[in-house]
Structures are given as structure tokens and as C-alpha cells.
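Okay, query.cif is below, mmCIF, C-alpha atoms and all ligand atoms:
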data_target
loop_
_atom_site.label_atom_id
_atom_site.label_comp_id
_atom_site.auth_asym_id
_atom_site.auth_seq_id
_atom_site.Cartn_x
_atom_site.Cartn_y
_atom_site.Cartn_z
CA MET D 1 0.00 0.00 0.00
CA THR D 2 2.83 2.41 0.91
CA LEU D 3 4.57 1.75 -2.43
CA GLN D 4 1.35 2.55 -4.29
CA TRP D 5 1.09 5.89 -2.49
CA ILE D 6 4.72 6.71 -3.31
CA LEU D 7 4.17 5.85 -6.99
CA ALA D 8 0.98 7.92 -7.09
CA GLY D 9 2.87 10.85 -5.50
CA VAL D 10 5.66 10.59 -8.09
CA VAL D 11 3.15 10.50 -10.98
CA ILE D 12 1.24 13.53 -9.62
CA PHE D 13 4.54 15.43 -9.14
CA LEU D 14 5.65 14.66 -12.73
CA VAL D 15 2.29 15.65 -14.22
CA LEU D 16 2.22 18.93 -12.25
CA TRP D 17 5.85 19.65 -13.26
CA GLU D 18 5.02 19.12 -16.94
CA VAL D 19 1.75 21.07 -16.93
CA LEU D 20 2.76 24.00 -14.71
CA LEU D 21 6.45 24.46 -15.52
CA VAL D 22 7.23 22.87 -18.91
CA LEU D 23 4.04 23.38 -20.95
CA PRO D 24 4.29 27.22 -20.79
CA THR D 25 7.75 26.95 -22.44
CA LYS D 26 6.32 24.93 -25.37
CA TRP D 27 3.07 26.86 -25.85
CA LEU D 28 3.88 29.90 -28.00
CA LYS D 29 1.85 33.03 -27.51
CA VAL D 30 1.78 35.46 -30.43
CA GLU D 31 1.31 38.89 -28.90
CA ARG D 32 -0.07 41.59 -31.22
CA ILE D 33 0.72 45.18 -30.35
CA GLY D 34 -0.53 48.32 -32.11
CA TRP D 35 1.41 51.57 -32.36
CA GLU D 36 0.61 55.02 -33.68
CA GLY D 37 3.16 56.34 -36.12
CA LYS D 38 3.74 58.26 -39.31
CA THR D 39 4.01 55.26 -41.60
CA ASN D 40 2.68 51.71 -41.85
CA LYS D 41 5.11 49.01 -40.82
CA LYS D 42 4.99 45.52 -39.36
CA VAL D 43 7.85 44.34 -37.13
CA LEU D 44 8.21 40.80 -35.82
CA GLN D 45 10.18 40.70 -32.57
CA ILE D 46 11.94 37.65 -31.18
CA SER D 47 13.67 38.11 -27.85
CA ASP D 48 15.71 36.09 -25.35
CA LEU D 49 16.18 32.81 -27.21
CA HIS D 50 18.68 31.36 -24.69
CA ILE D 51 18.92 28.79 -27.45
CA ARG D 52 19.86 25.78 -25.31
CA HIS D 53 16.65 26.45 -23.38
CA MET D 54 14.26 27.16 -26.24
CA ARG D 55 11.44 24.64 -26.69
CA ILE D 56 9.45 26.48 -29.38
CA SER D 57 10.06 24.69 -32.66
CA LEU D 58 11.80 26.43 -35.52
CA SER D 59 9.06 25.27 -37.87
CA GLU D 60 6.48 27.16 -35.77
CA ILE D 61 8.58 30.33 -35.93
CA LYS D 62 9.10 29.88 -39.69
CA ALA D 63 5.36 29.43 -40.27
CA LEU D 64 4.65 32.61 -38.30
CA ILE D 65 7.17 34.66 -40.30
CA ASP D 66 5.81 33.25 -43.58
CA THR D 67 2.22 34.07 -42.58
CA GLU D 68 2.89 37.53 -41.19
CA GLN D 69 5.35 38.73 -43.87
CA PRO D 70 6.74 41.50 -41.64
CA ASP D 71 8.70 44.44 -43.02
CA TYR D 72 11.44 43.83 -40.45
CA ILE D 73 12.49 41.27 -37.87
CA PHE D 74 14.00 42.65 -34.65
CA LEU D 75 16.06 40.28 -32.49
CA THR D 76 16.47 41.75 -29.02
CA GLY D 77 19.30 39.72 -27.53
CA ASP D 78 20.26 36.74 -25.36
CA TYR D 79 20.86 34.34 -28.26
CA VAL D 80 22.85 32.03 -25.99
CA ASP D 81 22.36 31.24 -22.33
CA ARG D 82 25.94 30.92 -21.16
CA SER D 83 28.34 29.11 -23.51
CA GLU D 84 29.98 29.03 -26.94
CA LYS D 85 28.83 25.42 -27.13
CA GLU D 86 25.39 26.81 -28.04
CA PHE D 87 26.65 28.31 -31.35
CA GLU D 88 25.87 25.13 -33.29
CA THR D 89 22.34 25.01 -31.85
CA LEU D 90 21.89 28.67 -32.81
CA ARG D 91 22.91 28.18 -36.46
CA PRO D 92 19.61 26.63 -37.69
CA PHE D 93 17.67 29.54 -36.15
CA LEU D 94 19.90 32.11 -37.87
CA GLU D 95 19.59 30.15 -41.12
CA LEU D 96 15.80 30.26 -40.82
CA ILE D 97 15.93 34.05 -40.39
CA GLN D 98 18.19 34.42 -43.42
CA GLU D 99 16.02 32.16 -45.56
CA SER D 100 12.90 34.16 -44.64
CA GLY D 101 14.34 37.01 -46.74
CA VAL D 102 13.06 39.56 -44.20
CA GLU D 103 15.42 42.42 -43.38
CA THR D 104 16.61 41.66 -39.84
CA TYR D 105 18.22 43.79 -37.14
CA ALA D 106 19.74 42.53 -33.90
CA VAL D 107 21.26 43.74 -30.64
CA LEU D 108 23.17 41.73 -28.05
CA GLY D 109 21.88 40.88 -24.57
CA ASN D 110 23.65 40.45 -21.24
CA HIS D 111 23.88 36.65 -21.58
CA ASP D 112 25.63 37.06 -24.93
CA ARG D 113 28.43 38.81 -23.06
CA TYR D 114 28.73 36.14 -20.36
CA ILE D 115 30.66 34.06 -22.90
CA LYS D 116 34.36 34.64 -23.67
CA ASN D 117 34.03 34.60 -27.45
CA VAL D 118 31.60 37.50 -27.94
CA GLU D 119 33.29 38.37 -31.26
CA GLY D 120 32.61 34.82 -32.42
CA LEU D 121 28.91 35.29 -31.69
CA GLU D 122 28.86 38.65 -33.44
CA ASP D 123 30.51 37.11 -36.53
CA LEU D 124 28.05 34.23 -36.47
CA ILE D 125 25.05 36.57 -36.41
CA LYS D 126 26.47 38.70 -39.25
CA GLN D 127 27.32 35.58 -41.27
CA TYR D 128 23.59 35.06 -41.79
CA GLY D 129 22.99 38.53 -43.24
CA ILE D 130 21.60 39.96 -39.97
CA HIS D 131 22.44 43.60 -39.21
CA LEU D 132 23.95 43.68 -35.73
CA LEU D 133 23.58 47.16 -34.28
CA LYS D 134 25.90 48.27 -31.48
CA ASN D 135 24.82 51.82 -30.67
CA GLU D 136 24.15 52.38 -34.36
CA PHE D 137 21.28 53.54 -36.52
CA VAL D 138 20.12 52.81 -40.05
CA GLU D 139 18.18 55.49 -41.86
CA LYS D 140 15.54 54.21 -44.27
CA GLU D 141 13.16 56.13 -46.50
CA ASP D 142 10.40 56.36 -43.88
CA VAL D 143 11.89 55.07 -40.61
CA VAL D 144 15.10 55.24 -38.60
CA ILE D 145 16.08 51.93 -36.99
CA VAL D 146 18.17 52.39 -33.84
CA GLY D 147 20.00 49.58 -32.06
CA VAL D 148 21.09 50.49 -28.53
CA ASP D 149 23.64 48.10 -27.02
CA ASP D 150 22.96 46.44 -23.68
CA TYR D 151 22.38 48.61 -20.62
CA ALA D 152 22.78 45.77 -18.10
CA GLN D 153 26.42 45.37 -19.15
CA GLY D 154 27.03 49.12 -19.45
CA CYS D 155 27.54 48.89 -23.24
CA HIS D 156 24.86 51.42 -24.18
CA ASP D 157 25.67 54.78 -25.77
CA LEU D 158 22.50 56.77 -26.35
CA GLU D 159 24.29 59.81 -27.78
CA LYS D 160 25.93 57.71 -30.49
CA SER D 161 22.81 55.62 -31.13
CA PHE D 162 20.67 58.72 -31.71
CA SER D 163 23.27 60.76 -33.61
CA PHE D 164 21.13 61.04 -36.75
CA LEU D 165 19.63 64.31 -37.90
CA GLY D 166 16.08 64.57 -36.63
CA ASP D 167 13.40 64.21 -39.27
CA ASP D 168 9.82 64.67 -38.07
CA LYS D 169 8.48 62.68 -41.02
CA LYS D 170 10.21 59.45 -40.00
CA ASP D 171 9.26 56.98 -37.29
CA VAL D 172 12.10 56.10 -34.92
CA LEU D 173 12.08 52.36 -34.17
CA VAL D 174 14.43 51.34 -31.36
CA LEU D 175 15.59 47.86 -30.40
CA THR D 176 17.56 47.15 -27.26
CA HIS D 177 17.81 44.37 -24.67
CA ASP D 178 17.39 45.81 -21.17
CA PRO D 179 14.47 48.24 -20.70
CA ASP D 180 16.31 50.05 -17.89
CA VAL D 181 18.10 52.03 -20.62
CA LEU D 182 14.90 54.11 -20.63
CA LEU D 183 16.00 55.61 -17.32
CA GLU D 184 18.60 57.57 -19.30
CA MET D 185 16.59 58.13 -22.50
CA LYS D 186 16.22 61.78 -23.51
CA LYS D 187 15.50 61.43 -27.25
CA PRO D 188 12.06 60.98 -28.84
CA PHE D 189 11.10 57.63 -30.37
CA THR D 190 7.99 56.06 -31.89
CA MET D 191 8.50 52.54 -30.59
CA LEU D 192 11.13 50.89 -28.39
CA VAL D 193 11.15 47.10 -28.08
CA CYS D 194 13.21 45.07 -25.63
CA GLY D 195 13.19 41.91 -23.51
CA HIS D 196 15.53 40.82 -20.71
CA LEU D 197 12.92 40.42 -17.97
CA HIS D 198 11.10 37.34 -19.42
CA GLY D 199 7.82 38.62 -17.92
CA LYS D 200 9.35 37.29 -14.65
CA GLN D 201 9.57 33.78 -16.27
CA VAL D 202 8.63 32.23 -12.91
CA ASN D 203 5.72 34.42 -11.89
CA ILE D 204 5.76 34.08 -8.13
CA PRO D 205 4.82 37.23 -6.19
CA TYR D 206 7.82 39.16 -4.79
CA PHE D 207 10.30 36.95 -6.71
CA PHE D 208 11.72 39.98 -8.54
CA LYS D 209 12.19 41.76 -5.24
CA ILE D 210 14.60 38.97 -4.31
CA ALA D 211 16.34 38.66 -7.70
CA ASN D 212 17.48 42.17 -8.61
CA MET D 213 16.55 42.66 -12.26
CA GLY D 214 16.76 46.44 -12.34
CA GLN D 215 14.74 49.49 -11.49
CA LEU D 216 11.78 49.02 -13.86
CA ALA D 217 11.24 45.45 -12.61
CA GLN D 218 11.37 46.71 -9.03
CA GLN D 219 8.60 49.15 -9.97
CA GLY D 220 6.46 46.28 -11.29
CA ILE D 221 7.20 46.98 -14.98
CA TYR D 222 8.44 43.68 -16.41
CA LYS D 223 6.32 42.97 -19.53
CA GLY D 224 3.97 44.58 -22.04
CA LYS D 225 3.52 48.06 -23.46
CA HIS D 226 4.14 51.17 -21.39
CA ASP D 227 4.44 54.92 -21.93
CA HIS D 228 7.61 56.92 -21.40
CA THR D 229 8.13 60.70 -21.52
CA HIS D 230 9.74 60.38 -24.98
CA GLY D 231 7.72 57.53 -26.54
CA SER D 232 6.18 54.13 -25.83
CA PHE D 233 8.00 50.87 -25.16
CA TYR D 234 7.29 47.16 -25.12
CA ILE D 235 8.94 44.44 -23.01
CA SER D 236 8.72 40.96 -24.55
CA LYS D 237 8.42 37.90 -22.32
CA GLY D 238 10.93 36.16 -24.60
CA VAL D 239 10.84 32.89 -26.45
CA GLY D 240 13.39 30.90 -24.41
CA GLN D 241 14.31 30.46 -20.77
CA SER D 242 17.12 31.92 -18.71
CA ARG D 243 19.07 29.61 -16.36
CA TRP D 244 16.29 27.11 -15.44
CA ASN D 245 14.37 25.72 -18.41
CA ILE D 246 10.94 26.36 -16.90
CA ARG D 247 8.21 29.00 -16.88
CA PHE D 248 5.38 29.44 -14.40
CA PHE D 249 2.23 31.30 -15.53
CA VAL D 250 4.25 33.03 -18.28
CA ARG D 251 4.14 31.66 -21.84
CA SER D 252 6.90 31.92 -24.43
CA GLU D 253 6.28 34.81 -26.78
CA VAL D 254 6.90 36.14 -30.28
CA THR D 255 5.55 39.64 -30.87
CA ILE D 256 3.98 41.26 -33.92
CA HIS D 257 4.18 45.05 -33.76
CA SER D 258 1.89 46.90 -36.18
CA ILE D 259 2.67 50.57 -36.67
CA ARG D 260 -0.14 52.48 -38.30
CA SER D 261 0.02 55.93 -39.77
CA VAL D 262 -2.15 58.39 -37.85
CA LYS D 263 -3.00 61.56 -39.67
CA LYS D 264 -3.22 64.44 -37.22
CA ASP D 265 -5.67 67.32 -37.89
CA SER D 266 -3.77 70.50 -38.63
FE FE S 301 17.14 36.77 -21.29
#
Encoded form (C-alpha cells):
Amino acid sequence: MTLQWILAGVVIFLVLWEVLLVLPTKWLKVERIGWEGKTNKKVLQISDLHIRHMRISLSEIKALIDTEQPDYIFLTGDYVDRSEKEFETLRPFLELIQESGVETYAVLGNHDRYIKNVEGLEDLIKQYGIHLLKNEFVEKEDVVIVGVDDYAQGCHDLEKSFSFLGDDKKDVLVLTHDPDVLLEMKKPFTMLVCGHLHGKQVNIPYFFKIANMGQLAQQGIYKGKHDHTHGSFYISKGVGQSRWNIRFFVRSEVTIHSIRSVKKDS
């Protein structure tokens, strides 16, 4: 009788583990966010892959890109979790992005700098035709794309990132990893997208007050769209997992940002 109870306990534990902690990592949520701008653009954002801990299939991501046909893909950092050994696992993802034919911009995250061979990772990303922005901007016909390097590692340079000549007719689309860079932001932008906080990943009350994830997280801002003095920003919950390969009441996410032109009455 005792053995039966032990077996039943083990089965219940395994089922609860799978349903509560593993299923949210496999169950992709496509978040759709609307923005007011000066032009019409669709941006698909993928954040925080932590590739050794990503359980969303590449075929699901490919199907989403093919269906959505975005103007741009923004990759907002943490491609690896903590080792160069993940480069080979990352390759098929980068290949998928290249084969999609969508113009893609990327910034690095804090985990990408935990490894020794950061240059190797940068080369790998660029090898697949992805534009890696390190405090750089790209001026297009109707938008300016700005990539601010990671704030958590002190690599950001807002002056350099925003050193383009202001043009009121263009939307300024910013990608970065850590939202805390907004604490120093003094330039106007249409949309800023980032990740880093994983929507808490393990959503237990007060957890983020124990694990210091920065000022915005301490203020209860760790996912979703928010307003800032100089524009609006969005924090993705990410598609992979940091450190432990589990999520609790937070699903993996890919985000579709739709910017729509709003004509203001003169
Ligand atoms: Fe991350």
C-alpha cells in the first residue's frame, strides 16, 4: 500500500511539473501590439532565445514569419544562455531568419556577453545577413532603426545611437535588450522594443524583489507596453528560458508590432 502511495505521488509530481512548468515553455503566444506612427510598418520581434533552453520549434517560428510577412524582424538579444557550445544550436535559427528574406536587425543581450568569445557570436550573427547594431542607426526612406547596445552590461551609448539628424516625417524604431536604458533616455522615439525580464519567467509574487533585475522590474514593470516621456515601449516575455528551463504562468512569446500611420488634424 505504501509503495502505491509513493508511486501515485511521483506521478502527480511529474504531471504537475510538466503542466505547470514545462508546458508554458512549449506553448507559444503570439502577442499583437498596435502603435501610432507616421508610416505603416509591421515588425516581428523575437527576444531572449537562450537557445539551449528554447522549446518552441523552428518550424512554428518559420510558419509565423511566412504568414505575417513583416517588413522587419527585430532580435532583441540573449541568443545564448551561457556558452559558446550553443553556437551550433543557434545556427539553424539564424539560417531560418536568413532564408525568410526579411530584413533583420539585432542587438546583443547580457547573456551574450557572459561568454568569452563574444566576437565569435557577433561574426556568427552577421554571417547570416543579420544587421547587428551596437549603438548604431540605419536610416531608411520612412523610418530610422536604432539599435542600442545592452544597458545591463554598461555597453549602451544613447548619444551615439541617436546621432542622426532629426526628421519629423520618419518613425524612430528602437531595439535594445534591457528596458532600464529608458531611465537615461532623452530622445524621442515612436517605438522601443526590448526583452531581458522574461515577464518574470517564474511568476511568483515578490520573486523579482529577491532577484534584482533592475529598477523598472522593481517598480512592477516587467512585460507589455508602457508609456515613457519620450515615446512608448514594449517588453517581450521572450521565447526561451534563462538559467532554469521552466516557466510558471508566463508563456513563451513572439511579438507582432503593427505601426499604423495616424494623420493628425492641422
Ligand atoms: Fe534573457
Please give me, as a list in words, the residues lying within 7 Å of ligand FE 301 (chain S) when counting only C-alpha atoms and all ligand atoms.
-> Asp48, His50, Asp78, His111, Gly195, His196, Leu197, His198, Gln241 and Ser242 of chain D
Choose the residue, out of D:Gly199, D:Gly147, D:Pro24, D:Gly129, that has the smallest atom-to-atom separation from His177 of chain D; count only C-alpha atoms.
->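 Once distances to His177 of chain D are computed over only C-alpha atoms, the minimum belongs to D:Gly147.
With atom CA of Val172 of chain D on one side and atom CA of Asp66 of chain D on the other, the separation reads 25.2 Å.
The coordinates place atom CA of Lys41 of chain D at 23.9 Å from atom CA of Leu158 of chain D.
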Close residues, Lys62 of chain D itself excluded, 10 Å, only C-alpha atoms, min 6 positions apart in chain, as a PyMOL selection string = chain D and resi 68+93+96-97+99-100
Interatomic distance (Å, one decimal) between atom CA of Ile130 of chain D and atom CA of Ser161 of chain D |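 Computing it gives 18.0 Å between the two atoms.
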Have a look at D:Ala211, D:Val15, D:Leu192, D:Leu175 and name the one nearest to Leu132 of chain D; count all atoms listed in the file.
->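 Between D:Ala211, D:Val15, D:Leu192, D:Leu175, the residue approaching Leu132 of chain D most closely is D:Leu175.
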Exercise: Arg32 of chain D partners within 12 Å, only C-alpha atoms, chain neighbours under 3 positions left out, as a PDB file with C-alpha atoms, keeping the file's coordinate frame:
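Generated output (result.pdb):
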ATOM      1  CA  LYS D  29       1.850  33.030 -27.510  1.00  0.00           C
ATOM      2  CA  TRP D  35       1.410  51.570 -32.360  1.00  0.00           C
ATOM      3  CA  LYS D  42       4.990  45.520 -39.360  1.00  0.00           C
ATOM      4  CA  VAL D  43       7.850  44.340 -37.130  1.00  0.00           C
ATOM      5  CA  LEU D  44       8.210  40.800 -35.820  1.00  0.00           C
ATOM      6  CA  GLN D  45      10.180  40.700 -32.570  1.00  0.00           C
ATOM      7  CA  GLU D  68       2.890  37.530 -41.190  1.00  0.00           C
ATOM      8  CA  GLY D 224       3.970  44.580 -22.040  1.00  0.00           C
ATOM      9  CA  LYS D 225       3.520  48.060 -23.460  1.00  0.00           C
ATOM     10  CA  TYR D 234       7.290  47.160 -25.120  1.00  0.00           C
ATOM     11  CA  SER D 236       8.720  40.960 -24.550  1.00  0.00           C
ATOM     12  CA  GLU D 253       6.280  34.810 -26.780  1.00  0.00           C
ATOM     13  CA  VAL D 254       6.900  36.140 -30.280  1.00  0.00           C
ATOM     14  CA  THR D 255       5.550  39.640 -30.870  1.00  0.00           C
ATOM     15  CA  ILE D 256       3.980  41.260 -33.920  1.00  0.00           C
ATOM     16  CA  HIS D 257       4.180  45.050 -33.760  1.00  0.00           C
ATOM     17  CA  SER D 258       1.890  46.900 -36.180  1.00  0.00           C
ATOM     18  CA  ILE D 259       2.670  50.570 -36.670  1.00  0.00           C
TER      19      ILE D 259
END
With all atoms listed in the file as the atoms that count, which of D:Lys38, D:Gln218, D:Ile204, D:Gly240 lies nearest to Val143 of chain D?
->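 For Val143 of chain D, the nearest of the given residues is D:Lys38.
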Please complete segment 20-39 of chain D so it has N, CA and C atoms, and hand it over as a PDB file, keeping the file's coordinate frame.
ATOM      1  N   LEU D  20       2.580  22.650 -15.251  1.00  0.00           N
ATOM      2  CA  LEU D  20       2.760  24.000 -14.710  1.00  0.00           C
ATOM      3  C   LEU D  20       4.075  24.660 -15.126  1.00  0.00           C
ATOM      4  N   LEU D  21       5.123  23.866 -15.305  1.00  0.00           N
ATOM      5  CA  LEU D  21       6.450  24.460 -15.520  1.00  0.00           C
ATOM      6  C   LEU D  21       7.024  24.252 -16.929  1.00  0.00           C
ATOM      7  N   VAL D  22       6.655  23.166 -17.595  1.00  0.00           N
ATOM      8  CA  VAL D  22       7.230  22.870 -18.910  1.00  0.00           C
ATOM      9  C   VAL D  22       6.286  23.303 -20.041  1.00  0.00           C
ATOM     10  N   LEU D  23       5.000  23.018 -19.893  1.00  0.00           N
ATOM     11  CA  LEU D  23       4.040  23.380 -20.950  1.00  0.00           C
ATOM     12  C   LEU D  23       4.111  24.861 -21.343  1.00  0.00           C
ATOM     13  N   PRO D  24       4.206  25.793 -20.384  1.00  0.00           N
ATOM     14  CA  PRO D  24       4.290  27.220 -20.790  1.00  0.00           C
ATOM     15  C   PRO D  24       5.511  27.540 -21.656  1.00  0.00           C
ATOM     16  N   THR D  25       6.557  26.697 -21.600  1.00  0.00           N
ATOM     17  CA  THR D  25       7.750  26.950 -22.440  1.00  0.00           C
ATOM     18  C   THR D  25       7.532  26.443 -23.863  1.00  0.00           C
ATOM     19  N   LYS D  26       6.551  25.534 -24.044  1.00  0.00           N
ATOM     20  CA  LYS D  26       6.320  24.930 -25.370  1.00  0.00           C
ATOM     21  C   LYS D  26       5.134  25.568 -26.089  1.00  0.00           C
ATOM     22  N   TRP D  27       4.348  26.349 -25.354  1.00  0.00           N
ATOM     23  CA  TRP D  27       3.070  26.860 -25.850  1.00  0.00           C
ATOM     24  C   TRP D  27       3.265  28.331 -26.238  1.00  0.00           C
ATOM     25  N   LEU D  28       3.532  28.543 -27.530  1.00  0.00           N
ATOM     26  CA  LEU D  28       3.880  29.900 -28.000  1.00  0.00           C
ATOM     27  C   LEU D  28       2.667  30.824 -27.988  1.00  0.00           C
ATOM     28  N   LYS D  29       2.882  31.998 -27.461  1.00  0.00           N
ATOM     29  CA  LYS D  29       1.850  33.030 -27.510  1.00  0.00           C
ATOM     30  C   LYS D  29       2.294  34.109 -28.496  1.00  0.00           C
ATOM     31  N   VAL D  30       1.469  34.382 -29.480  1.00  0.00           N
ATOM     32  CA  VAL D  30       1.780  35.460 -30.430  1.00  0.00           C
ATOM     33  C   VAL D  30       1.084  36.717 -29.922  1.00  0.00           C
ATOM     34  N   GLU D  31       1.873  37.637 -29.405  1.00  0.00           N
ATOM     35  CA  GLU D  31       1.310  38.890 -28.900  1.00  0.00           C
ATOM     36  C   GLU D  31       1.220  39.879 -30.062  1.00  0.00           C
ATOM     37  N   ARG D  32       0.105  40.611 -30.142  1.00  0.00           N
ATOM     38  CA  ARG D  32      -0.070  41.590 -31.220  1.00  0.00           C
ATOM     39  C   ARG D  32      -0.235  42.974 -30.601  1.00  0.00           C
ATOM     40  N   ILE D  33       0.678  43.866 -30.973  1.00  0.00           N
ATOM     41  CA  ILE D  33       0.720  45.180 -30.350  1.00  0.00           C
ATOM     42  C   ILE D  33       0.572  46.266 -31.425  1.00  0.00           C
ATOM     43  N   GLY D  34      -0.310  47.216 -31.167  1.00  0.00           N
ATOM     44  CA  GLY D  34      -0.530  48.320 -32.110  1.00  0.00           C
ATOM     45  C   GLY D  34       0.189  49.581 -31.657  1.00  0.00           C
ATOM     46  N   TRP D  35       0.678  50.336 -32.643  1.00  0.00           N
ATOM     47  CA  TRP D  35       1.410  51.570 -32.360  1.00  0.00           C
ATOM     48  C   TRP D  35       0.928  52.668 -33.289  1.00  0.00           C
ATOM     49  N   GLU D  36       0.922  53.884 -32.829  1.00  0.00           N
ATOM     50  CA  GLU D  36       0.610  55.020 -33.680  1.00  0.00           C
ATOM     51  C   GLU D  36       1.904  55.605 -34.214  1.00  0.00           C
ATOM     52  N   GLY D  37       1.935  55.807 -35.532  1.00  0.00           N
ATOM     53  CA  GLY D  37       3.160  56.340 -36.120  1.00  0.00           C
ATOM     54  C   GLY D  37       2.866  57.243 -37.296  1.00  0.00           C
ATOM     55  N   LYS D  38       3.885  57.404 -38.133  1.00  0.00           N
ATOM     56  CA  LYS D  38       3.740  58.260 -39.310  1.00  0.00           C
ATOM     57  C   LYS D  38       3.693  57.423 -40.576  1.00  0.00           C
ATOM     58  N   THR D  39       3.972  56.153 -40.437  1.00  0.00           N
ATOM     59  CA  THR D  39       4.010  55.260 -41.600  1.00  0.00           C
ATOM     60  C   THR D  39       3.402  53.918 -41.193  1.00  0.00           C
TER      61      THR D  39
END
